[in-house]
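To be precise, the following lines are protein.txt, and they hold compact mmCIF, C-alpha atoms.
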# COMPACT_ATOMS: atom_id res chain seq x y z
CA MET X 1 -11.41 132.58 136.39
CA LEU X 2 -11.22 132.31 140.19
CA LYS X 3 -8.62 129.89 141.44
CA SER X 4 -6.97 129.33 144.80
CA LEU X 5 -3.82 130.77 146.33
CA PHE X 6 -3.12 129.25 149.78
CA ASN X 7 -6.93 128.82 149.91
CA PHE X 8 -7.30 132.49 149.04
CA PRO X 9 -8.88 133.31 145.67
CA TYR X 10 -6.95 134.92 142.87
CA TYR X 11 -8.11 136.12 139.49
CA GLN X 12 -6.14 136.17 136.26
CA THR X 13 -6.96 137.48 132.80
CA ASN X 14 -5.20 139.02 129.81
CA ILE X 15 -5.69 142.51 128.37
CA PRO X 16 -5.29 142.84 124.57
CA SER X 17 -2.48 145.34 124.03
CA TYR X 18 -4.22 147.05 121.11
CA LEU X 19 -6.92 148.38 123.44
CA TYR X 20 -4.71 151.00 125.06
CA ASN X 21 -1.65 153.20 124.54
CA LYS X 22 0.80 150.49 125.55
CA GLU X 23 3.87 151.73 123.64
CA GLU X 24 3.43 155.29 124.88
CA LEU X 25 3.20 154.13 128.48
CA ILE X 26 6.26 151.90 128.18
CA CYS X 27 8.26 154.64 126.44
CA ASN X 28 7.50 157.17 129.19
CA MET X 29 8.14 154.71 132.00
CA VAL X 30 11.46 153.64 130.50
CA HIS X 31 12.39 157.31 130.02
CA ASN X 32 11.73 157.93 133.71
CA TYR X 33 13.63 154.77 134.65
CA ARG X 34 16.71 155.83 132.72
CA LYS X 35 16.63 159.18 134.44
CA ASP X 36 16.84 157.46 137.82
CA SER X 37 16.78 153.66 137.96
CA SER X 38 16.46 153.77 141.77
CA ARG X 39 13.60 156.26 142.08
CA ASN X 40 12.27 154.95 145.36
CA GLN X 41 10.49 157.05 147.99
CA TRP X 42 8.98 154.02 149.69
CA ASN X 43 11.52 151.61 151.16
CA PRO X 44 15.29 152.17 151.12
CA ASN X 45 15.87 148.40 151.32
CA CYS X 46 14.33 147.94 147.87
CA ASP X 47 16.12 148.70 144.61
CA LEU X 48 13.73 149.62 141.81
CA HIS X 49 12.12 152.52 139.97
CA HIS X 50 8.53 153.45 140.83
CA GLU X 51 6.35 156.53 141.35
CA TYR X 52 4.73 155.73 144.71
CA ASN X 53 4.85 158.82 146.99
CA ASP X 54 6.52 160.71 144.14
CA ARG X 55 3.85 161.01 141.43
CA ASP X 56 3.85 164.83 141.37
CA ASN X 57 7.60 165.06 140.87
CA GLU X 58 8.05 167.42 137.89
CA ASP X 59 11.45 165.91 137.07
CA TYR X 60 9.68 162.94 135.51
CA ILE X 61 7.11 162.48 132.77
CA LYS X 62 3.67 162.17 134.36
CA ILE X 63 2.15 158.86 133.31
CA ASP X 64 -1.25 159.15 131.65
CA TYR X 65 -3.38 156.12 132.56
CA GLU X 66 -6.59 157.52 131.08
CA LYS X 67 -6.97 154.96 128.27
CA LEU X 68 -6.56 152.09 130.73
CA ILE X 69 -9.45 153.22 132.93
CA PRO X 70 -12.33 151.67 130.92
CA ILE X 71 -10.30 148.47 130.53
CA TYR X 72 -9.58 148.20 134.24
CA ASN X 73 -13.24 148.98 134.94
CA LYS X 74 -14.26 145.86 133.02
CA VAL X 75 -11.57 143.69 134.55
CA VAL X 76 -12.42 144.65 138.13
CA GLU X 77 -16.14 144.37 137.48
CA ASP X 78 -15.73 140.86 136.05
CA PHE X 79 -13.58 139.83 139.01
CA ILE X 80 -16.08 141.15 141.55
CA SER X 81 -19.00 139.53 139.71
CA GLN X 82 -17.49 136.12 140.56
CA ILE X 83 -17.58 136.75 144.30
CA SER X 84 -20.70 135.78 146.28
CA PHE X 85 -22.01 138.63 148.42
CA CYS X 86 -24.89 138.55 150.91
CA LYS X 87 -25.27 142.35 150.97
CA ASN X 88 -25.24 145.18 148.49
CA ILE X 89 -21.74 146.44 147.86
CA LYS X 90 -19.90 149.27 146.19
CA TRP X 91 -16.36 149.10 144.91
CA ASN X 92 -13.62 151.40 143.75
CA TYR X 93 -10.03 151.11 142.67
CA GLU X 94 -6.98 153.31 142.38
CA ILE X 95 -3.94 153.08 140.15
CA VAL X 96 -1.33 153.42 142.87
CA ASN X 97 1.98 152.79 141.16
CA TYR X 98 4.06 151.49 138.30
CA THR X 99 7.33 149.60 138.75
CA VAL X 100 10.38 149.13 136.54
CA THR X 101 13.23 146.75 137.32
CA THR X 102 16.19 145.22 135.51
CA ASN X 103 19.09 142.92 136.42
CA THR X 104 19.49 142.48 140.19
CA GLN X 105 16.88 145.05 141.19
CA ASN X 106 14.14 143.80 143.45
CA MET X 107 11.21 144.74 145.68
CA TRP X 108 10.86 143.30 149.16
CA PRO X 109 7.73 141.42 150.29
CA HIS X 110 4.90 143.79 151.14
CA HIS X 111 1.12 143.84 151.44
CA HIS X 112 -1.48 146.40 150.39
CA ILE X 113 -3.48 146.67 153.61
CA PRO X 114 -5.93 148.39 154.19
CA SER X 115 -7.13 147.80 150.61
CA THR X 116 -9.32 144.75 149.99
CA PHE X 117 -7.54 143.44 146.90
CA SER X 118 -4.46 144.38 144.89
CA ALA X 119 -3.80 143.85 141.20
CA VAL X 120 -0.67 143.67 139.07
CA HIS X 121 -0.77 144.34 135.33
CA TYR X 122 2.35 142.97 133.62
CA ILE X 123 2.64 145.61 130.90
CA LYS X 124 6.19 144.64 129.82
CA PHE X 125 7.13 141.11 130.70
CA ASN X 126 9.29 138.49 129.03
CA PRO X 127 8.71 135.08 130.67
CA SER X 128 12.07 133.82 129.39
CA VAL X 129 14.04 136.36 131.44
CA HIS X 130 11.62 137.94 133.93
CA LYS X 131 10.08 136.54 137.09
CA SER X 132 6.45 136.95 138.02
CA SER X 133 5.55 138.26 141.45
CA VAL X 134 6.47 136.00 144.35
CA PHE X 135 3.57 135.49 146.77
CA VAL X 136 4.26 134.62 150.41
CA ASN X 137 2.12 132.01 152.13
CA PRO X 138 0.31 133.90 154.96
CA SER X 139 0.05 130.74 157.06
CA HIS X 140 2.88 129.93 159.47
CA TYR X 141 2.07 126.22 159.16
CA ASN X 142 4.19 125.84 156.04
CA GLN X 143 7.26 126.28 158.28
CA ILE X 144 6.12 123.31 160.34
CA PHE X 145 5.71 121.21 157.20
CA ASP X 146 9.23 122.16 156.09
CA LEU X 147 10.62 121.17 159.46
CA HIS X 148 8.75 117.94 160.18
CA TYR X 149 7.39 116.64 156.87
CA HIS X 150 10.28 116.66 154.41
CA ASP X 151 9.09 113.54 152.59
CA LEU X 152 5.62 114.95 152.03
CA VAL X 153 6.92 118.33 150.84
CA ASP X 154 9.42 116.68 148.49
CA CYS X 155 6.76 114.43 146.96
CA LEU X 156 4.18 117.13 146.21
CA ASP X 157 4.18 118.94 142.87
CA PRO X 158 4.96 122.63 143.60
CA ASN X 159 3.40 123.64 140.28
CA ASN X 160 -0.02 122.25 141.15
CA ASP X 161 -2.40 124.87 142.54
CA ASP X 162 -3.98 122.30 144.86
CA ASN X 163 -0.66 122.00 146.72
CA MET X 164 -0.12 125.71 147.39
CA TRP X 165 -1.02 125.37 151.05
CA ILE X 166 2.19 123.53 151.91
CA PHE X 167 4.76 125.74 150.20
CA GLY X 168 6.17 128.98 151.62
CA ASN X 169 6.40 131.00 148.42
CA ARG X 170 4.49 130.75 145.18
CA THR X 171 4.66 132.30 141.73
CA VAL X 172 1.79 132.45 139.26
CA SER X 173 2.65 131.77 135.63
CA VAL X 174 1.99 134.97 133.67
CA LYS X 175 2.61 136.43 130.23
CA GLU X 176 2.76 140.01 129.02
CA ASP X 177 -0.46 141.97 129.59
CA ASP X 178 -1.79 139.51 132.13
CA ILE X 179 -3.39 141.05 135.20
CA VAL X 180 -3.48 139.15 138.48
CA ILE X 181 -5.74 140.14 141.38
CA THR X 182 -5.17 138.80 144.91
CA PRO X 183 -6.32 139.68 148.41
CA ALA X 184 -4.32 142.70 149.52
CA ILE X 185 -3.26 140.93 152.71
CA ILE X 186 -1.06 138.46 150.79
CA GLU X 187 2.52 139.69 150.72
CA HIS X 188 4.29 139.69 147.38
CA ALA X 189 7.70 140.65 146.06
CA ILE X 190 9.67 141.23 142.85
CA GLY X 191 12.69 138.98 142.42
CA LYS X 192 15.91 139.62 140.54
CA SER X 193 15.80 138.96 136.79
CA ASN X 194 19.51 139.31 135.89
CA SER X 195 18.45 140.77 132.55
CA ASP X 196 18.96 144.20 130.95
CA GLU X 197 15.39 144.06 129.61
CA GLU X 198 12.96 146.19 131.61
CA ARG X 199 10.22 144.45 133.58
CA ILE X 200 7.29 146.86 133.96
CA THR X 201 4.06 146.53 135.93
CA ILE X 202 1.14 148.76 136.84
CA VAL X 203 -0.38 148.29 140.30
CA LEU X 204 -3.98 148.80 141.41
CA ASP X 205 -5.64 148.81 144.83
CA ILE X 206 -9.25 147.64 144.91
CA ASN X 207 -11.71 148.33 147.74
CA ILE X 208 -15.08 146.74 148.44
CA PHE X 209 -17.45 148.16 151.01
CA GLU X 210 -21.07 147.76 152.01
CA ASP X 211 -23.68 149.94 150.35
CA ASN X 212 -26.25 150.86 152.97
CA GLU X 213 -28.62 152.37 150.45
CA ILE X 214 -31.56 150.14 149.49
CA LYS X 215 -31.84 149.81 145.73
CA GLN X 216 -34.01 147.73 143.45
CA ASN X 217 -32.32 145.69 140.72
CA TYR X 218 -29.04 146.54 142.37
CA ASN X 219 -25.78 146.42 140.45
CA PRO X 220 -22.43 147.04 142.17
CA GLU X 221 -21.33 150.62 141.67
CA GLN X 222 -17.85 151.28 140.43
CA ILE X 223 -15.78 154.36 141.09
CA TRP X 224 -12.26 154.80 139.83
CA VAL X 225 -9.75 157.08 141.47
CA TYR X 226 -6.90 158.68 139.51

Any chance you could give the structure as C-alpha cells?
Amino acid sequence: MLKSLFNFPYYQTNIPSYLYNKEELICNMVHNYRKDSSRNQWNPNCDLHHEYNDRDNEDYIKIDYEKLIPIYNKVVEDFISQISFCKNIKWNYEIVNYTVTTNTQNMWPHHHIPSTFSAVHYIKFNPSVHKSSVFVNPSHYNQIFDLHYHDLVDCLDPNNDDNMWIFGNRTVSVKEDDIVITPAIIEHAIGKSNSDEERITIVLDINIFEDNEIKQNYNPEQIWVY
C-alpha cells in the first residue's frame, strides 16, 4: 500500500518467513557479527556490523541471498505497479548490504543517491526492544515550525501520517519481516536499541529508468543484480 512520508510515497509489506532460508541467513550474519561487531568499511563515525565495501572479505561467511531473489522480485514489482508512469520503464535492484546492531550501536543518517528508491527488510526485529529506521524530513521548513509554531507542533499527533510534514524525524511502525521502500533521497538512520538482541536488516537499492524501445503490450522489465 502506498502511503505518504513528508509527501513522499513509501511502500510497506510483510514477507512470510517460511518462503526463504531465514534461519540460515540470520545464523551466518550473527556468526559474522560475533567475529567483528564493528565491521565497518563505510563510515568511521558509525558503529555497526555490515558488509558494504567488504563483501569479498574471505574472513567472513559469504551471505547467500539466492532464495530471497524471487521474493524481492515480486515485492519490487508490486511496488512499482502502484506508481503512475507516462513512459515505458525498466527497473532493476541490487542487494547492497546487510546490517547487524546491538546495544548502543548505531548508523548515522545517510541517503542512497543515485539510486531511485531504497528498501529495508527487517529480517530480525523485535519491536519491544529494537527501533525501526529513523527517517529525516528532507524539507528545511520543519525547523521553522519548531522555532515559530510551538503550539501547533505540540497539538499535532506525531503518530498520524498526515502530520509527517511538520516533524523533523519520523519512524515507521514495523514488525519482523516487514520491508519498507522509500525514495533513496530520504536520509535514514539506525538508532541505539540498548539491547543484547541482534537487530538485522537487508538493504536493497532500486533503480527505475526509461525504456526507449517501443514494445506492444509492454510490461516493466525487471533485472536483479547480485

Who sits within 7 Å of segment 42-51 of chain X, all atoms listed in the file, same chain under 4 positions skipped, as a list of chain:residue names =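 With the cut-off at 7 Å, the set is X:Tyr33, X:Ser37, X:Ser38, X:Arg55, X:Asn97, X:Tyr98, X:Thr99, X:Val100, X:Thr101, X:Gln105, X:Asn106, X:Met107, X:Trp108.
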
Could you check which of X:Asn88, X:Thr104, X:Ile83, X:Pro16 is closest to Lys192 of chain X, using all atoms listed in the file?
->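 For Lys192 of chain X, the nearest of the given residues is X:Thr104.
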
With a distance cut-off of 8 Å and all atoms listed in the file, select the neighbouring residues of Ala119 of chain X, excluding the residue or stretch itself and same-chain residues fewer than 5 positions from it, and output the selection as a list in words.
->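 Within the cut-off, the hits are Ile179, Val180, Ile181, Thr182, Val203, Leu204, Asp205 and Ile206 of chain X.
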
Would you tabulate, counting all atoms listed in the file, all residues of segment 86-139 of chain X that have an atom at most 9 Å from an atom of segment 155-177 of chain X, showing the closest pair of atoms and their distance in Å to one decimal, sorted by chain then ascending number, as a tab-separated table?
residue	atom	partner	partner_atom	distance
X:His121	CA	X:Asp177	CA	6.2
X:Tyr122	CA	X:Asp177	CA	5.0
X:Ile123	CA	X:Asp177	CA	5.0
X:Lys124	CA	X:Glu176	CA	5.8
X:Phe125	CA	X:Glu176	CA	4.8
X:Asn126	CA	X:Glu176	CA	6.7
X:Pro127	CA	X:Lys175	CA	6.3
X:Lys131	CA	X:Thr171	CA	8.3
X:Ser132	CA	X:Thr171	CA	6.2
X:Ser133	CA	X:Thr171	CA	6.0
X:Val134	CA	X:Thr171	CA	4.9
X:Phe135	CA	X:Arg170	CA	5.1
X:Val136	CA	X:Asn169	CA	4.7
X:Asn137	CA	X:Gly168	CA	5.1
X:Pro138	CA	X:Gly168	CA	8.3
X:Ser139	CA	X:Trp165	CA	8.1

Given the choices X:Asn14, X:Asn207, X:Asn21, X:Thr116, which gets closest to Lys67 of chain X if the distance is worked out from all atoms listed in the file?
->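 Nearest to Lys67 of chain X: X:Asn21.
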
Expected answer as a count of residues only: all residues with atoms within 12 Å of (10.0, 158.4, 130.9), all atoms listed in the file | 28

For atom CA of Lys87 of chain X and atom CA of Ile208 of chain X, quote the distance in Å rounded to one decimal.
->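 Interatomic distance, atom CA of Lys87 of chain X to atom CA of Ile208 of chain X: 11.4 Å.
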
So which one's closest to Val75 of chain X, X:Asp54, X:Pro9, X:His148, X:Asp178? Using all atoms listed in the file, please.
->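 Of X:Asp54, X:Pro9, X:His148, X:Asp178, the one nearest Val75 of chain X is X:Asp178, counting all atoms listed in the file.
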
Kindly give the distance, in Å, that separates atom CA of Leu19 of chain X and atom CA of Val96 of chain X, rounded to a single decimal.
-> 20.8 Å

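Each of X:Tyr52, X:Phe117, X:Tyr72, X:Phe8 was compared to Tyr20 of chain X using all atoms listed in the file, and X:Tyr72 turns out to be the nearest.
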
What gap, in Å, lies between atom CA of Leu152 of chain X and atom CA of Lys3 of chain X?
->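 Result for atom CA of Leu152 of chain X versus atom CA of Lys3 of chain X: 23.2 Å, one decimal.
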